[in-house]
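**Q** Contents of query03.cif (mmCIF, C-alpha atoms and all ligand atoms) are given next:
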```
data_my_file
#
loop_
_atom_site.label_atom_id
_atom_site.label_comp_id
_atom_site.auth_asym_id
_atom_site.auth_seq_id
_atom_site.Cartn_x
_atom_site.Cartn_y
_atom_site.Cartn_z
CA MET A 1 -10.74 17.03 -17.73
CA ASN A 2 -9.35 13.62 -18.51
CA ARG A 3 -11.21 10.33 -18.47
CA ALA A 4 -8.14 8.08 -18.72
CA ALA A 5 -7.70 5.65 -15.84
CA ILE A 6 -5.36 5.87 -12.89
CA GLY A 7 -3.00 2.88 -12.71
CA VAL A 8 -2.46 1.30 -9.30
CA TYR A 9 0.37 -1.17 -8.90
CA ASP A 10 1.49 -3.53 -6.14
CA SER A 11 3.53 -6.72 -5.79
CA GLY A 12 0.20 -8.51 -5.32
CA MET A 13 -3.09 -7.91 -3.55
CA GLY A 14 -1.91 -5.44 -0.91
CA GLY A 15 -2.37 -2.38 -3.10
CA LEU A 16 -6.09 -3.10 -3.04
CA SER A 17 -6.07 -1.45 0.39
CA VAL A 18 -4.98 1.75 -1.40
CA TRP A 19 -7.35 1.07 -4.32
CA ARG A 20 -10.19 0.97 -1.75
CA GLU A 21 -9.38 4.50 -0.51
CA LEU A 22 -9.05 5.80 -4.08
CA ARG A 23 -12.42 4.32 -4.94
CA ARG A 24 -13.97 5.85 -1.85
CA LEU A 25 -12.59 9.35 -2.42
CA LEU A 26 -12.65 9.43 -6.24
CA PRO A 27 -15.65 7.40 -7.43
CA CYS A 28 -15.65 9.08 -10.87
CA GLU A 29 -12.12 7.91 -11.66
CA SER A 30 -11.50 4.71 -13.61
CA LEU A 31 -8.88 2.49 -11.98
CA ILE A 32 -6.65 -0.15 -13.53
CA TYR A 33 -5.13 -2.31 -10.84
CA LEU A 34 -1.99 -4.29 -11.64
CA GLY A 35 -1.05 -6.87 -9.02
CA ASP A 36 2.24 -8.45 -10.11
CA GLY A 37 1.57 -11.76 -8.31
CA LYS A 38 4.27 -13.61 -10.21
CA ASN A 39 7.16 -12.08 -8.27
CA CYS A 40 5.39 -11.53 -4.94
CA PRO A 41 6.55 -11.16 -2.17
CA TYR A 42 8.99 -8.34 -2.91
CA GLY A 43 9.95 -7.87 0.75
CA GLY A 44 13.13 -9.98 0.76
CA ARG A 45 14.26 -9.09 -2.77
CA SER A 46 17.09 -6.86 -3.96
CA ARG A 47 16.59 -3.26 -5.03
CA GLU A 48 17.66 -4.05 -8.60
CA GLU A 49 15.10 -6.83 -8.92
CA ILE A 50 12.30 -4.63 -7.59
CA ILE A 51 13.26 -1.79 -9.95
CA GLY A 52 12.94 -4.24 -12.86
CA PHE A 53 9.47 -5.38 -11.74
CA ALA A 54 8.27 -1.82 -11.13
CA GLU A 55 9.51 -0.68 -14.51
CA ALA A 56 7.70 -3.53 -16.25
CA ALA A 57 4.54 -2.66 -14.32
CA VAL A 58 4.58 1.01 -15.30
CA GLU A 59 5.29 0.07 -18.92
CA ARG A 60 2.29 -2.26 -18.88
CA LEU A 61 0.03 0.38 -17.32
CA LEU A 62 1.15 2.93 -19.90
CA THR A 63 0.11 0.60 -22.72
CA GLU A 64 -3.37 0.85 -21.14
CA GLY A 65 -3.19 4.64 -21.45
CA VAL A 66 -3.17 5.57 -17.75
CA LYS A 67 -2.84 9.26 -16.84
CA MET A 68 -1.17 8.66 -13.48
CA VAL A 69 0.45 5.77 -11.61
CA VAL A 70 0.05 5.06 -7.91
CA VAL A 71 2.72 2.70 -6.62
CA GLY A 72 0.48 1.08 -4.02
CA CYS A 73 3.40 -0.71 -2.44
CA ASN A 74 5.79 0.65 0.16
CA THR A 75 8.52 -1.78 -0.84
CA ALA A 76 8.40 -0.86 -4.55
CA THR A 77 8.23 2.83 -3.62
CA THR A 78 11.35 2.69 -1.46
CA ALA A 79 13.25 0.69 -4.08
CA ALA A 80 12.10 2.20 -7.34
CA ILE A 81 10.24 5.51 -7.15
CA ASP A 82 13.25 7.72 -7.95
CA HIS A 83 14.09 5.52 -10.90
CA LEU A 84 10.51 5.53 -12.21
CA ARG A 85 10.27 9.32 -11.95
CA GLN A 86 13.54 9.73 -13.83
CA ARG A 87 12.45 7.39 -16.57
CA TRP A 88 8.97 8.94 -16.98
CA PRO A 89 9.40 12.59 -15.98
CA GLU A 90 6.10 13.62 -17.55
CA LEU A 91 4.01 11.01 -15.74
CA PRO A 92 2.58 11.85 -12.32
CA ILE A 93 3.74 8.98 -10.08
CA VAL A 94 2.55 8.75 -6.48
CA GLY A 95 4.37 6.52 -4.03
CA LEU A 96 3.61 5.10 -0.63
CA GLU A 97 5.62 5.65 2.49
CA PRO A 98 4.90 4.37 5.98
CA ALA A 99 2.97 7.02 7.94
CA VAL A 100 5.95 7.76 10.20
CA LYS A 101 5.43 11.52 10.07
CA PRO A 102 1.81 11.62 11.38
CA ALA A 103 2.66 8.98 13.97
CA CYS A 104 5.65 10.98 15.22
CA LEU A 105 3.62 14.18 15.35
CA ALA A 106 0.84 12.53 17.33
CA THR A 107 2.66 10.19 19.72
CA ARG A 108 2.44 11.06 23.39
CA SER A 109 4.58 8.22 24.66
CA ARG A 110 7.38 9.25 22.20
CA LYS A 111 7.63 5.65 21.12
CA ILE A 112 6.06 4.15 17.99
CA ALA A 113 6.33 0.89 16.06
CA VAL A 114 6.50 0.57 12.30
CA LEU A 115 5.47 -2.75 10.82
CA ALA A 116 6.77 -3.24 7.29
CA THR A 117 8.73 -5.56 5.05
CA GLU A 118 12.42 -6.18 5.61
CA HIS A 119 13.26 -4.27 2.44
CA SER A 120 11.27 -1.16 3.42
CA LEU A 121 12.69 -1.03 6.95
CA LYS A 122 16.26 -1.21 5.65
CA SER A 123 15.76 1.33 2.88
CA ASP A 124 17.38 4.76 2.72
CA MET A 125 13.97 6.34 2.23
CA PHE A 126 12.66 4.93 5.50
CA LEU A 127 15.82 5.92 7.38
CA ARG A 128 15.62 9.45 5.96
CA THR A 129 11.96 9.90 6.96
CA ALA A 130 12.55 8.38 10.37
CA SER A 131 15.51 10.64 11.09
CA ARG A 132 13.62 13.73 9.88
CA TYR A 133 10.51 13.25 12.00
CA ALA A 134 11.57 10.89 14.72
CA ASP A 135 14.27 12.97 16.31
CA ASP A 136 13.04 12.54 19.88
CA VAL A 137 10.79 9.57 19.11
CA GLU A 138 11.93 5.99 19.45
CA VAL A 139 10.91 3.95 16.42
CA LEU A 140 10.70 0.18 16.75
CA LYS A 141 11.09 -1.53 13.39
CA VAL A 142 9.16 -4.76 13.11
CA VAL A 143 8.78 -7.10 10.13
CA GLY A 144 5.29 -8.55 9.77
CA ARG A 145 6.46 -12.13 9.34
CA ASP A 146 4.14 -14.15 7.12
CA PHE A 147 1.64 -11.25 6.85
CA VAL A 148 2.06 -10.80 3.08
CA GLU A 149 1.81 -14.53 2.38
CA ILE A 150 -1.34 -14.78 4.52
CA VAL A 151 -3.06 -12.01 2.57
CA GLU A 152 -1.92 -13.43 -0.78
CA GLU A 153 -3.36 -16.79 0.18
CA SER A 154 -6.64 -15.17 1.32
CA GLU A 155 -6.14 -16.51 4.85
CA GLU A 156 -6.87 -13.28 6.74
CA HIS A 157 -9.58 -14.98 8.77
CA SER A 158 -7.62 -18.11 9.68
CA GLU A 159 -5.93 -19.31 12.85
CA ARG A 160 -2.65 -18.97 11.01
CA ALA A 161 -3.35 -15.24 10.62
CA GLU A 162 -4.28 -14.88 14.27
CA ARG A 163 -1.09 -16.66 15.36
CA ALA A 164 1.10 -14.57 13.04
CA VAL A 165 -0.46 -11.29 14.21
CA ARG A 166 -0.21 -12.25 17.88
CA SER A 167 3.43 -13.21 17.62
CA VAL A 168 4.32 -9.86 16.00
CA VAL A 169 2.00 -7.48 17.87
CA GLU A 170 1.80 -8.91 21.41
CA PRO A 171 5.45 -8.14 22.24
CA LEU A 172 4.70 -4.48 21.43
CA LEU A 173 2.11 -4.23 24.19
CA THR A 174 4.74 -3.99 26.90
CA GLU A 175 7.02 -1.67 24.93
CA GLY A 176 5.10 1.53 25.63
CA VAL A 177 4.31 2.37 22.01
CA ASP A 178 1.10 4.33 21.42
CA LYS A 179 1.09 4.20 17.58
CA ILE A 180 1.52 1.23 15.30
CA VAL A 181 2.17 2.22 11.71
CA LEU A 182 1.19 -0.27 9.03
CA GLY A 183 4.01 0.30 6.54
CA CYS A 184 3.03 -2.32 4.00
CA THR A 185 -0.14 -2.20 1.95
CA HIS A 186 -0.91 -5.85 2.62
CA TYR A 187 -1.13 -5.26 6.36
CA PRO A 188 -4.40 -3.27 6.48
CA PHE A 189 -6.14 -6.52 5.52
CA LEU A 190 -5.02 -7.84 8.91
CA ARG A 191 -6.09 -4.68 10.70
CA PRO A 192 -9.11 -6.23 12.48
CA LEU A 193 -6.82 -8.88 14.01
CA ILE A 194 -4.20 -6.29 14.93
CA GLU A 195 -6.86 -4.13 16.57
CA ASP A 196 -8.15 -7.12 18.52
CA VAL A 197 -4.69 -7.61 20.02
CA VAL A 198 -4.18 -3.95 20.99
CA VAL A 199 -7.70 -3.32 22.28
CA GLY A 200 -7.64 -1.67 25.73
CA HIS A 201 -4.00 -0.63 25.39
CA ASP A 202 -4.51 2.90 24.08
CA ILE A 203 -2.63 2.16 20.88
CA GLU A 204 -3.69 3.67 17.58
CA VAL A 205 -3.16 1.74 14.35
CA ILE A 206 -2.32 3.98 11.38
CA ASP A 207 -1.95 3.29 7.66
CA SER A 208 -1.28 5.49 4.64
CA GLY A 209 -4.23 4.61 2.38
CA GLU A 210 -6.42 7.65 2.99
CA ALA A 211 -3.55 10.12 2.91
CA VAL A 212 -2.43 8.75 -0.45
CA ALA A 213 -5.92 9.04 -1.89
CA ARG A 214 -6.01 12.69 -0.79
CA ARG A 215 -2.64 13.28 -2.41
CA VAL A 216 -3.89 11.73 -5.66
CA LYS A 217 -6.96 13.98 -5.60
CA TRP A 218 -4.78 17.03 -5.08
CA LEU A 219 -2.51 16.07 -7.99
CA LEU A 220 -5.45 15.41 -10.33
CA GLU A 221 -6.70 18.90 -9.60
CA ARG A 222 -3.29 20.48 -9.85
CA TYR A 223 -2.56 18.94 -13.28
CA ASP A 224 -6.18 19.43 -14.33
CA ILE A 225 -6.55 15.77 -15.25
CA ALA A 226 -9.48 14.74 -13.04
CA ALA A 227 -12.44 12.99 -14.65
CA GLU A 228 -15.57 15.09 -14.78
CA GLU A 229 -18.28 14.82 -12.14
CA GLY A 230 -20.67 12.00 -13.06
CA ASN A 231 -18.13 10.21 -15.27
CA GLU A 232 -19.01 6.53 -15.63
CA SER A 233 -15.89 4.96 -14.21
CA HIS A 234 -14.48 1.51 -15.03
CA LEU A 235 -12.53 -0.86 -12.83
CA SER A 236 -10.17 -3.42 -14.31
CA PHE A 237 -7.52 -5.81 -13.09
CA LEU A 238 -4.24 -7.02 -14.54
CA THR A 239 -1.46 -9.32 -13.39
CA PHE A 240 1.88 -10.77 -14.51
CA HIS A 241 0.73 -14.05 -12.95
CA THR A 242 -2.08 -16.41 -14.03
CA GLU A 243 -5.66 -15.74 -15.08
CA GLU A 244 -6.70 -17.51 -11.88
CA TYR A 245 -4.76 -14.93 -9.87
CA ARG A 246 -6.28 -12.09 -11.86
CA LEU A 247 -9.73 -13.42 -10.98
CA LEU A 248 -8.73 -13.54 -7.32
CA LEU A 249 -7.82 -9.85 -7.49
CA GLU A 250 -11.17 -9.13 -9.07
CA ARG A 251 -13.01 -11.09 -6.38
CA LYS A 252 -11.13 -9.43 -3.56
CA ALA A 253 -11.91 -6.03 -5.04
CA GLN A 254 -15.56 -7.01 -5.38
CA SER A 255 -15.76 -7.98 -1.72
CA ILE A 256 -14.12 -4.67 -0.78
CA LEU A 257 -16.82 -2.83 -2.73
CA GLU A 258 -19.51 -4.88 -0.98
CA GLN A 259 -18.02 -4.00 2.43
CA MET A 260 -17.92 -0.33 1.45
CA SER A 261 -21.56 -0.26 0.47
CA LYS A 262 -22.72 -1.71 3.83
N1 LIG B 301 2.52 -4.59 -0.40
C1 LIG B 301 3.90 -4.35 -0.34
C2 LIG B 301 4.30 -3.19 0.52
O1 LIG B 301 3.51 -2.28 0.70
C3 LIG B 301 4.92 -5.43 -0.44
C4 LIG B 301 4.67 -6.77 0.04
C5 LIG B 301 5.69 -7.73 -0.53
O2 LIG B 301 5.55 -8.02 -1.71
O3 LIG B 301 6.59 -8.14 0.22
O4 LIG B 301 5.39 -3.12 1.02
#
```
Using the file provided, produce a representation of the structure as structure tokens.
Ligand code: DGL
**A**
Amino acid sequence: MNRAAIGVYDSGMGGLSVWRELRRLLPCESLIYLGDGKNCPYGGRSREEIIGFAEAAVERLLTEGVKMVVVGCNTATTAAIDHLRQRWPELPIVGLEPAVKPACLATRSRKIAVLATEHSLKSDMFLRTASRYADDVEVLKVVGRDFVEIVEESEEHSERAERAVRSVVEPLLTEGVDKIVLGCTHYPFLRPLIEDVVVGHDIEVIDSGEAVARRVKWLLERYDIAAEEGNESHLSFLTFHTEEYRLLLERKAQSILEQMSK
């Protein structure tokens, strides 16, 4: 049994979509969320830069005494996870990958779309996964232009968001895809808009949040580091950006909790 917190890290607010699933599945676990904010978005940045940010984030979380780190960011996972695991071999580190495998296993039309950042779609990790599972499946790679910025600016319910989602998702309606994979943790915050566009087209929208939470649970049990049943868990928020941004993270998390309790 171990009451130390799990650290969850993202370039900004997107990882809160993973945090939500962790909270849902593991309510006894304390969570420390670190949303970089200062260097967000990561999507167009170089691998070296992202490795530097990810390393600083894990260092910061370790000073808080976390027992495990969840890299709640596909982009940081593709760029830095191997490096982080080499540097901290004793620390359980869980990364996020676009849900290409489940989409490929479930597609009937043999054609799927993966929405992600430019960096993730170009990465070796994505290409490896895609070639392993998507042998006879056509994978359309689509960058969610402006999606990350919209979520960071809390504009998910704006006309700007609707326009951005339409311009990315509408062209997919005539492509014959039956799965759309959300390969960036910011994108689930735009899921209601994405679902509005695909409604009636027999297209399923898939993200990795729940699967990652299940993986975390499995690892906690395997390493025997889960908090005990009934543990009074704590939630806290950190950033490399301003106090104002940290408060935004806290508020967004609060509204997620309110949604969950409805
Ligand atoms: N949330 C991130 C991801 O899952 C990255 C967004 C960004 O900073 O570009 O890829």
**Q** Around ligand LIG 301 (chain B), out to 9 Å and counting all atoms listed in the file, which residues are there? I want them as JSON, numbers by chain.
**A** {"A": [10, 11, 12, 13, 14, 15, 37, 39, 40, 41, 42, 43, 44, 45, 71, 72, 73, 74, 75, 76, 77, 78, 96, 97, 98, 116, 117, 118, 119, 120, 147, 148, 149, 182, 183, 184, 185, 186, 187]}
**Q** Identify, on the basis of all atoms listed in the file, every residue whose closest approach to Arg85 (chain A) does not exceed 12 Å; exclude the query and any residue fewer than 4 positions from it along the same chain; express the result as a list in words.
**A**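 Counting only the stated atoms, we get Ile51, Ala54, Glu55, Val58, Met68, Val69, Val70, Val71, Thr77, Ala80, Ile81, Pro89, Glu90, Leu91, Pro92, Ile93, Val94 and Gly95 of chain A.
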**Q** Measuring atom to atom with all atoms listed in the file, identify which of A:Val8, A:Arg145, A:Ser233, A:Arg163 is nearest to Glu21 (chain A).
**A**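 Checking each of A:Val8, A:Arg145, A:Ser233, A:Arg163 against Glu21 (chain A), counting all atoms listed in the file, the winner is A:Val8.
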**Q** Have a look at A:Val197, A:Val142, A:Leu22, A:Cys28 and name the one nearest to Asn231 (chain A); count all atoms listed in the file.
**A**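 Among the listed residues, the smallest separation from Asn231 (chain A) belongs to A:Cys28.
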**Q** What is the CA of Ala227 (chain A)-CA of Thr239 (chain A) distance in Å, reported with one decimal?
**A**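 The value is 24.9 Å.
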**Q** List the neighbours of His201 (chain A) out to 10 Å using all atoms listed in the file; skip same-chain residues closer than 2 positions along the sequence, and give me the result as number ranges by chain.
**A** A: 173-174, 176-178, 195, 197-199, 203-204
**Q** So which one's closest to Phe240 (chain A), A:Ala106, A:Val205, A:Ala57, A:Leu62? Using all atoms listed in the file, please.
**A**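 Of A:Ala106, A:Val205, A:Ala57, A:Leu62, the one nearest Phe240 (chain A), counting all atoms listed in the file, is A:Ala57.
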**Q** Could you please determine the separation between CA of Val137 (chain A) and CA of Met125 (chain A) in Å, to one decimal place?
**A** 17.5 Å
